[in-house]
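Everything on this sheet refers to the single structure shown next.
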Amino acid sequence: MMYLVGVALLLAVYNQGKCLGFVAANRPLDHPIQRRRDYAHEFSVDFQQASHPLDAKETLKPVDEFLDKLKTKTQHDESGALPSQAKCGYSQCSPGKAGMLNVHLVPHTHDDVGWLRTVDEYFYGDDITGVQYILDTALTQLLEDPNKRFIYVEQAYFTRWWNELHDNTRHLVKGLVSEGRLEFILGGWSMNDEASTRYTSIIDQQTIGFRFLYDNFGDCGRPRIGWQIDPFGHSREQASLFAQFGFDGLFFARLDYQDWNKRLQTKTLEQVWMASGSLGDQASLFTGVLYNGYGPPGGFCFECGDTPIMDDSKLENYNVDRRVDDFLRTVRDQAQYYTTENIMLTMGSDFQYENARKNFKNMDKLIYHVNMRQMNGSTVNVLYSTPSCYVKAVNEANKTYTSKEDDFFPYAHRDHSFWTGYFTSRPALKGYERSSDNFLQICKQLDALSMLTAGHGARTKIDVLRKAMGILQHHDGVSGTEKQHVAYDYARMVAEGVASCQEVLNMAYGKLLPLSSSMSLPVVQFCPLANVSICPVSENSKQFVILAYNPFGREARHHLRIPVSGNSFIVKDARQMPVTVQVVPLPASTLALPEFEASKATGELVFAAEIPPLGLTTFFVQASTDISDAQRSTSVVSDPSGSDFTIKNQYVSVTFDGDTGFMKSLTNVKSSLTIQLTNSWLYYRSFDGDNHDGEHQASGAYIFRPNGTVAQPISSKATTSVVQGSAVQEVRQTFSDWASQVVRVYDESRHVEIEWTIGPVPVQDGIGKEVISRFVTDLNNYKVFYTDSNGREMLQRIRDYRPTWNLDQTEPVAGNYYPVNSKIFIQDVAKSRQLTVFTDRTQGGSSLANGEIELMAHRRVLHDDSLGVSEPLSEPGLDGRGLIIRGKYYLYLDSIAESTPVHREMAQRIYMAPSVGFISTMMSPDAYSKNYKTSWSGLKESIGLPANVHLLTLEQWRSGKFLIRLEHIYESHDKQNLSKVANVSLETLFTPFSIVSVDEQTLGANQPLAHATRLQWMVKGHGKTKKDMSSYVTPVDPKKLIVALKPMQIRTFVVTVKVN
């Protein structure tokens, strides 16, 4: 075969050498996927051309002919994207053959965006497979033969490869995309995890991938199928978002082994997922479970050592008949579990196709020889295909499908092997992801509100964080299932992005705040370690200014805690009015942190900040030597005398047991509701096994398996001290030298805050530990509890129960754990009481006994679970003694009816917490106020958005255009007055600009909603789903620009603005 000019560069890497492939394990029917990964052995790359029936066929197309075709057929718009009339999408799908079993071969590679290696290491290769070479060689094979197909998923890699291509090669790639021969599936920056991710992060990471694809390939680059082949369980909200992106289908590989067996028996591996109780048909999605995991069927992984097709009849090892027979048995076995004349075979796996020729050459032979059997009466037809073409073929069969309304958590691949440990694994990284996502939203908002221009370079700076966050959403990223050095690399990328966005905030503040163009704002500094009381500017300055920005669409009342050295401070607000403050001494748990050694702080300055919606306010802080100031701000610290004691405010009261130091009761003062409540810290001993079967499964990064069902208390008593003052009351509880917490009640707050510090978890006894916080009440929830799905809708959970099959429970603890992204609650229906616990990051949680809630905060295990990472989850921490984690819980008690509006609103407020910046200046408050704005809001209405509406997205999109998403945050069955349709006027919403026109888009902002259609499916008990996506919304009046939002609805707009 001749290597042609134009692609010779792509082949230079193949002068000689070897490569390493990865393949998912072949699975027996009762084990959907036994291992996270299996490694294939090394093999030599063979470039010698063998005799093949297809080699001389006219379908082989020279590159020059292909380029000529591009010149005559394809015109590109100004962005370089392909026109919408190009032959892509369903129009290029082969119809298959009627009356035959059509076997859709889907060539693909699954390229983890970090896992055992960093993103850079995986892309460039070295001693491992390089993603750049996978794309290089796949391209050459596609150019040779128009029958070949290839799909690609992870845009974090594809964009890197694309950016290094010569323009001529880019046009070749565009031509392949225009003909549907290279198809983008999923289209996100990564294949995100579904347990640890919040819906905002999922939408964002998909949007940046969609935008790249649209900008470069137009509508032909628009993905139509979700492809979650490797995540470890699947959330209902993920399916709902996919439906709102306009996807026609979703495929995944990991299904609980008991669910798998049930679906085999009932032939329901394909179904329609009704993924929202509020959105109904709008969130319906055809969903299929892949039969062979996501790898090739057994015996046909050509890149990992399986026998090739040897079709020279003169050779002793000629094996065509045997290999074809094996293949026919394989596909007929699979076909018996599906309902149409179509099945899909995933021909690829982890980092495969670095030797694309080896794969395609053997598939060519397989297709040819299997199809030749048709002359002898075979009814099997094999063809190159894609997941979208498979979905189209299945859809045209017009079958009726069952539906599913719950989710696919928790996932177990065999008995005693529940993948529920990763809900908590690497809690520091999970917390950092959540706070950084908050900062990304703030960064995008302030860029838009200040209307920074291209000359500021803000978009490039925002992209650093945007792309880092997109990578971190990967299912081996925020999940915590990567190697330690990869976790460090994720954190490095995010830290660089945060620093880059801090520059954007400085530019935005510098444009928004000066009252005169001749004035420049001093540099705003940020303190990312303020949670451990480290902030150099506030520690070392006797006078400084605080800028507090509220990214939430309603006014925020937030208590700031500023690290300081000193006992007396005067704080004035934006109007230079004095603010009630309290200096709280640092707890022993903070002083003991290895990170704290460089800090000069002795306490924290605490005060309430009232911040306008989508706006900022200013506080002036000055150290004082006045004794009266010190008296007003001093905290009173005392040790309880042995009798019960209480901290409280106007709304909530917490009583503690004088003997044990533990919580005893919680009261909602306004509602006059009291429950018994004990909160304690315990740990499960991790099970140690060799993993050769379920009985011997060890706890690891993926798997949570306790050694027994009883958690061990860290202590039966807590050493306590009480801190009281004008702004906050605290009870400090120490359970051991590695476990403590502070229980806080702020002035005028309706909830209780618990700040916990856990670690380093001791393992000198050779026992791994999984640390939990348990809340025990006198409520009776009758086995029922509720957890959120990616931060949006709530799902009912029932202990030891699955809605769609009869559960044989082998792990009473781990098998009842679910991901808690933002909140978990229990209800006592008879008493009409609800206790809600909010988290600041994703954790595993459950209710293992009536009246209880438990959340796993930290885990340190000493054995690997043999699922691929090959490394125990034992994070060393800063000093090598073990990682110390600090986080927060928030408790709210009320009636069931009154809890709903609080838990909906509060979860958003926790996530959309204010950003605090500092200016070190000797300017007096009066002088500062004459030069800079001290209070400002981006919304015209001072009260902000309606109570049931959240501004999900505000960012600059293109020149003169912004991207805006509004969402209804209530479900249809929630509180009546808040579950109704909400109306928002876009025309008069924002202060800096007016919106003059809107173009409504699908959720991913890559297709006008008016043009968006989806395949229709017949659903048992439901009927036929709708085709036009615009039918789900009330059209926006082009003059009044009123947006109507139904419960749980998200509406996405690209808007044209003019400066006010």
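As shown in the structure tokens, the chain order sets the letters A, B, ...; within each chain, residues go from 1, and ligands are also counted from 1 in the order they appear.
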
I'd like the neighbourhood of A:Pro613 as a PDB file with all heavy atoms, in the first residue's frame, where a residue qualifies if any of its atoms comes within 6 Å (using only C-alpha atoms), though same-chain residues fewer than 3 positions away should be ignored.
```pdb
ATOM      1  N   PHE A 552     -25.381  34.503  43.360  1.00  0.00           N
ATOM      2  CA  PHE A 552     -26.743  33.981  43.397  1.00  0.00           C
ATOM      3  C   PHE A 552     -27.725  35.058  42.947  1.00  0.00           C
ATOM      4  O   PHE A 552     -27.475  36.256  43.135  1.00  0.00           O
ATOM      5  CB  PHE A 552     -27.075  33.529  44.821  1.00  0.00           C
ATOM      6  CG  PHE A 552     -28.269  32.623  44.924  1.00  0.00           C
ATOM      7  CD1 PHE A 552     -28.364  31.477  44.154  1.00  0.00           C
ATOM      8  CD2 PHE A 552     -29.289  32.916  45.805  1.00  0.00           C
ATOM      9  CE1 PHE A 552     -29.468  30.639  44.267  1.00  0.00           C
ATOM     10  CE2 PHE A 552     -30.388  32.089  45.923  1.00  0.00           C
ATOM     11  CZ  PHE A 552     -30.477  30.944  45.149  1.00  0.00           C
ATOM     12  N   GLY A 553     -28.826  34.630  42.357  1.00  0.00           N
ATOM     13  CA  GLY A 553     -29.795  35.578  41.794  1.00  0.00           C
ATOM     14  C   GLY A 553     -30.732  36.215  42.790  1.00  0.00           C
ATOM     15  O   GLY A 553     -31.679  36.912  42.401  1.00  0.00           O
ATOM     16  N   ARG A 554     -30.492  35.996  44.085  1.00  0.00           N
ATOM     17  CA  ARG A 554     -31.246  36.665  45.135  1.00  0.00           C
ATOM     18  C   ARG A 554     -30.266  37.156  46.196  1.00  0.00           C
ATOM     19  O   ARG A 554     -29.144  36.657  46.289  1.00  0.00           O
ATOM     20  CB  ARG A 554     -32.282  35.707  45.757  1.00  0.00           C
ATOM     21  CG  ARG A 554     -33.459  35.441  44.834  1.00  0.00           C
ATOM     22  CD  ARG A 554     -34.471  34.474  45.407  1.00  0.00           C
ATOM     23  NE  ARG A 554     -34.041  33.084  45.347  1.00  0.00           N
ATOM     24  CZ  ARG A 554     -34.025  32.349  44.241  1.00  0.00           C
ATOM     25  NH1 ARG A 554     -34.391  32.879  43.099  1.00  0.00           N
ATOM     26  NH2 ARG A 554     -33.642  31.087  44.277  1.00  0.00           N
ATOM     27  N   GLU A 555     -30.702  38.111  47.001  1.00  0.00           N
ATOM     28  CA  GLU A 555     -29.810  38.676  48.013  1.00  0.00           C
ATOM     29  C   GLU A 555     -29.297  37.581  48.938  1.00  0.00           C
ATOM     30  O   GLU A 555     -30.027  36.657  49.292  1.00  0.00           O
ATOM     31  CB  GLU A 555     -30.546  39.741  48.830  1.00  0.00           C
ATOM     32  CG  GLU A 555     -29.650  40.441  49.840  1.00  0.00           C
ATOM     33  CD  GLU A 555     -30.398  41.481  50.662  1.00  0.00           C
ATOM     34  OE1 GLU A 555     -31.426  41.094  51.280  1.00  0.00           O
ATOM     35  OE2 GLU A 555     -29.973  42.646  50.670  1.00  0.00           O
ATOM     36  N   GLY A 944     -34.042  40.520  43.304  1.00  0.00           N
ATOM     37  CA  GLY A 944     -33.487  39.421  42.531  1.00  0.00           C
ATOM     38  C   GLY A 944     -34.535  38.635  41.775  1.00  0.00           C
ATOM     39  O   GLY A 944     -35.658  39.094  41.547  1.00  0.00           O
TER      40      GLY A 944
END
```

Quiz prompt | Near-A:Tyr746 list (12 Å; only C-alpha atoms; drop same-chain fewer than 3 positions) as an MDAnalysis selection string | solution = chainID A and resid 557:561 581:582 606:608 647:654 723:731 743 749:754 890

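Among the candidates A:Leu1009, A:Val869, A:Asn948, A:Asp1028, the one nearest to A:His485 when counting only C-alpha atoms is A:Val869.
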
Practice problem: as an NGL selection string, list the residues of stretch 491-713 of chain A assigned to strand (DSSP E) by DSSP on the backbone atoms of this structure. | Solution: :A and (525-526 or 543-550 or 556-564 or 569-572 or 582-585 or 603-611 or 615-623 or 636-638 or 645-648 or 652-656 or 663-668 or 673-685 or 712-713)

Quiz item: Near stretch 796-802 of chain A, within 7 Å and counting only C-alpha atoms, which residues show up once chain neighbours fewer than 2 positions away are dropped, as a count of residues only?
Solution: 13

Self-check item: stretch 990-1007 of chain A environment, 7 Å, only C-alpha atoms, sequence neighbours closer than 5 positions dropped, as a ChimeraX atom specification
Solution: /A:203,206-207,210-211,214,244-246,449,938-940,1012,1038,1051-1060

Quiz prompt | Point-to-point distance from atom CA of A:Thr400 to atom CA of A:Phe242, Å rounded to tenths | solution = 21.1 Å

Quiz item: What lies within 12 Å of A:Asn342 using only C-alpha atoms, ignoring chain neighbours under 3 positions off, as a PyMOL selection string?
Solution: chain A and resi 95-105+270+331-332+334-339+345+379-383+385+387+389-397

Just write the chosen residues, C-alpha atoms, as a JSON list (two decimals), in the first residue's frame.
```json
[["chain", "number", "residue", "atom", "x", "y", "z"],
["A", 95, "PRO", "CA", -29.96, 0.58, 6.05],
["A", 96, "GLY", "CA", -28.60, -2.92, 6.54],
["A", 97, "LYS", "CA", -30.44, -5.87, 5.03],
["A", 98, "ALA", "CA", -34.06, -6.67, 5.76],
["A", 99, "GLY", "CA", -34.74, -10.14, 7.07],
["A", 100, "MET", "CA", -31.17, -10.55, 8.33],
["A", 101, "LEU", "CA", -29.39, -10.02, 11.61],
["A", 102, "ASN", "CA", -27.47, -6.80, 10.98],
["A", 103, "VAL", "CA", -24.31, -6.71, 13.06],
["A", 104, "HIS", "CA", -23.12, -3.14, 13.55],
["A", 105, "LEU", "CA", -19.36, -3.06, 14.12],
["A", 270, "GLU", "CA", -32.86, -1.70, 25.84],
["A", 331, "VAL", "CA", -23.46, -12.76, 17.43],
["A", 332, "ARG", "CA", -26.35, -15.23, 17.57],
["A", 334, "GLN", "CA", -25.98, -11.90, 21.73],
["A", 335, "ALA", "CA", -28.95, -11.45, 19.40],
["A", 336, "GLN", "CA", -31.22, -13.68, 21.49],
["A", 337, "TYR", "CA", -31.33, -10.97, 24.18],
["A", 338, "TYR", "CA", -32.35, -8.11, 21.88],
["A", 339, "THR", "CA", -35.66, -7.43, 20.17],
["A", 345, "LEU", "CA", -20.47, -4.86, 18.69],
["A", 379, "THR", "CA", -28.83, -14.57, 7.61],
["A", 380, "VAL", "CA", -26.06, -12.55, 9.28],
["A", 381, "ASN", "CA", -24.98, -9.26, 7.70],
["A", 382, "VAL", "CA", -21.97, -7.41, 9.10],
["A", 383, "LEU", "CA", -21.26, -3.74, 8.45],
["A", 385, "SER", "CA", -21.45, 1.42, 11.75],
["A", 387, "PRO", "CA", -23.92, 4.06, 17.71],
["A", 389, "CYS", "CA", -26.70, 4.45, 13.00],
["A", 390, "TYR", "CA", -27.49, 1.54, 15.27],
["A", 391, "VAL", "CA", -30.06, 3.64, 17.15],
["A", 392, "LYS", "CA", -31.60, 4.72, 13.85],
["A", 393, "ALA", "CA", -31.92, 1.09, 12.73],
["A", 394, "VAL", "CA", -33.48, 0.05, 16.04],
["A", 395, "ASN", "CA", -35.86, 3.00, 15.92],
["A", 396, "GLU", "CA", -37.06, 2.06, 12.47],
["A", 397, "ALA", "CA", -38.07, -1.36, 13.80]]
```

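Separating atom CA of A:Tyr892 from atom CA of A:Glu971 is a distance of 19.6 Å.
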
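Note that atom CA of A:Ser699 and atom CA of A:Tyr291 are 27.1 Å apart.
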
Quiz item: If you count only C-alpha atoms, which residues fall within 6 Å of stretch 522-537 of chain A, apart from same-chain ones fewer than 4 positions away, as a list in words?
Solution: Ser541, Pro563, Ser599, Gly917, Phe918 and Ile919 of chain A

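Within stretch 582-614 of chain A, DSSP applied to the backbone places the following residues in helix (DSSP H, G or I): Ala588, Ser589, Thr590, Leu591, Pro594, Glu595, Phe596, Glu597 and Ala598 of chain A.
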
Write the residues of the selection above to a file with all heavy atoms, as a PDB file, in the first residue's frame.
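Ended up saving to again25.pdb:
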```pdb
ATOM      1  N   ALA A 588      -8.187  24.238  68.355  1.00  0.00           N
ATOM      2  CA  ALA A 588      -6.950  23.457  68.386  1.00  0.00           C
ATOM      3  C   ALA A 588      -6.766  22.655  67.106  1.00  0.00           C
ATOM      4  O   ALA A 588      -5.637  22.435  66.656  1.00  0.00           O
ATOM      5  CB  ALA A 588      -6.969  22.518  69.603  1.00  0.00           C
ATOM      6  N   SER A 589      -7.857  22.226  66.490  1.00  0.00           N
ATOM      7  CA  SER A 589      -7.756  21.431  65.269  1.00  0.00           C
ATOM      8  C   SER A 589      -7.135  22.227  64.135  1.00  0.00           C
ATOM      9  O   SER A 589      -6.433  21.675  63.285  1.00  0.00           O
ATOM     10  CB  SER A 589      -9.144  20.926  64.852  1.00  0.00           C
ATOM     11  OG  SER A 589     -10.031  22.017  64.626  1.00  0.00           O
ATOM     12  N   THR A 590      -7.364  23.535  64.105  1.00  0.00           N
ATOM     13  CA  THR A 590      -6.746  24.381  63.085  1.00  0.00           C
ATOM     14  C   THR A 590      -5.277  24.612  63.386  1.00  0.00           C
ATOM     15  O   THR A 590      -4.413  24.541  62.507  1.00  0.00           O
ATOM     16  CB  THR A 590      -7.480  25.720  62.991  1.00  0.00           C
ATOM     17  OG1 THR A 590      -8.822  25.503  62.549  1.00  0.00           O
ATOM     18  CG2 THR A 590      -6.794  26.667  62.024  1.00  0.00           C
ATOM     19  N   LEU A 591      -4.961  24.886  64.644  1.00  0.00           N
ATOM     20  CA  LEU A 591      -3.571  25.145  65.025  1.00  0.00           C
ATOM     21  C   LEU A 591      -2.683  23.933  64.766  1.00  0.00           C
ATOM     22  O   LEU A 591      -1.476  24.082  64.545  1.00  0.00           O
ATOM     23  CB  LEU A 591      -3.506  25.533  66.502  1.00  0.00           C
ATOM     24  CG  LEU A 591      -4.275  26.800  66.904  1.00  0.00           C
ATOM     25  CD1 LEU A 591      -4.246  26.983  68.408  1.00  0.00           C
ATOM     26  CD2 LEU A 591      -3.698  28.022  66.203  1.00  0.00           C
ATOM     27  N   PRO A 594      -0.784  20.873  59.538  1.00  0.00           N
ATOM     28  CA  PRO A 594       0.563  21.160  59.002  1.00  0.00           C
ATOM     29  C   PRO A 594       0.572  22.362  58.071  1.00  0.00           C
ATOM     30  O   PRO A 594       1.577  23.074  57.986  1.00  0.00           O
ATOM     31  CB  PRO A 594       0.930  19.862  58.261  1.00  0.00           C
ATOM     32  CG  PRO A 594      -0.350  19.131  58.055  1.00  0.00           C
ATOM     33  CD  PRO A 594      -1.248  19.527  59.176  1.00  0.00           C
ATOM     34  N   GLU A 595      -0.556  22.611  57.370  1.00  0.00           N
ATOM     35  CA  GLU A 595      -0.637  23.763  56.469  1.00  0.00           C
ATOM     36  C   GLU A 595      -0.583  25.080  57.235  1.00  0.00           C
ATOM     37  O   GLU A 595      -0.227  26.119  56.681  1.00  0.00           O
ATOM     38  CB  GLU A 595      -1.936  23.720  55.662  1.00  0.00           C
ATOM     39  CG  GLU A 595      -2.026  22.586  54.675  1.00  0.00           C
ATOM     40  CD  GLU A 595      -2.615  21.317  55.269  1.00  0.00           C
ATOM     41  OE1 GLU A 595      -2.682  21.208  56.509  1.00  0.00           O
ATOM     42  OE2 GLU A 595      -3.019  20.444  54.492  1.00  0.00           O
ATOM     43  N   PHE A 596      -0.956  25.049  58.530  1.00  0.00           N
ATOM     44  CA  PHE A 596      -1.118  26.281  59.295  1.00  0.00           C
ATOM     45  C   PHE A 596       0.200  26.847  59.814  1.00  0.00           C
ATOM     46  O   PHE A 596       0.236  27.977  60.296  1.00  0.00           O
ATOM     47  CB  PHE A 596      -2.072  26.020  60.470  1.00  0.00           C
ATOM     48  CG  PHE A 596      -2.438  27.251  61.236  1.00  0.00           C
ATOM     49  CD1 PHE A 596      -3.335  28.168  60.706  1.00  0.00           C
ATOM     50  CD2 PHE A 596      -1.880  27.509  62.481  1.00  0.00           C
ATOM     51  CE1 PHE A 596      -3.672  29.319  61.410  1.00  0.00           C
ATOM     52  CE2 PHE A 596      -2.213  28.647  63.193  1.00  0.00           C
ATOM     53  CZ  PHE A 596      -3.114  29.556  62.652  1.00  0.00           C
ATOM     54  N   GLU A 597       1.259  26.107  59.669  1.00  0.00           N
ATOM     55  CA  GLU A 597       2.518  26.521  60.297  1.00  0.00           C
ATOM     56  C   GLU A 597       2.970  27.911  59.878  1.00  0.00           C
ATOM     57  O   GLU A 597       3.553  28.648  60.668  1.00  0.00           O
ATOM     58  CB  GLU A 597       3.612  25.498  59.967  1.00  0.00           C
ATOM     59  CG  GLU A 597       3.428  24.168  60.666  1.00  0.00           C
ATOM     60  CD  GLU A 597       4.560  23.218  60.375  1.00  0.00           C
ATOM     61  OE1 GLU A 597       5.506  23.618  59.644  1.00  0.00           O
ATOM     62  OE2 GLU A 597       4.527  22.081  60.867  1.00  0.00           O
ATOM     63  N   ALA A 598       2.694  28.297  58.638  1.00  0.00           N
ATOM     64  CA  ALA A 598       3.173  29.595  58.146  1.00  0.00           C
ATOM     65  C   ALA A 598       2.210  30.732  58.468  1.00  0.00           C
ATOM     66  O   ALA A 598       2.501  31.886  58.167  1.00  0.00           O
ATOM     67  CB  ALA A 598       3.383  29.523  56.631  1.00  0.00           C
TER      68      ALA A 598
END
```

Quiz item: Counting only C-alpha atoms, what is within 6 Å of stretch 347-349 of chain A, bar same-chain residues fewer than 6 positions away, as a PyMOL selection string?
Solution: chain A and resi 23+106-110+295-296

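Between A:Thr118 and the candidates A:Asp644, A:Glu303, A:Glu482, A:Glu164, the tightest atom-to-atom separation, counting only C-alpha atoms, involves A:Glu482.
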
Quiz item: Which is closest to A:His692 among A:His416, A:Gly766, A:Arg459, A:Leu1045, if we use only C-alpha atoms?
Solution: A:His416
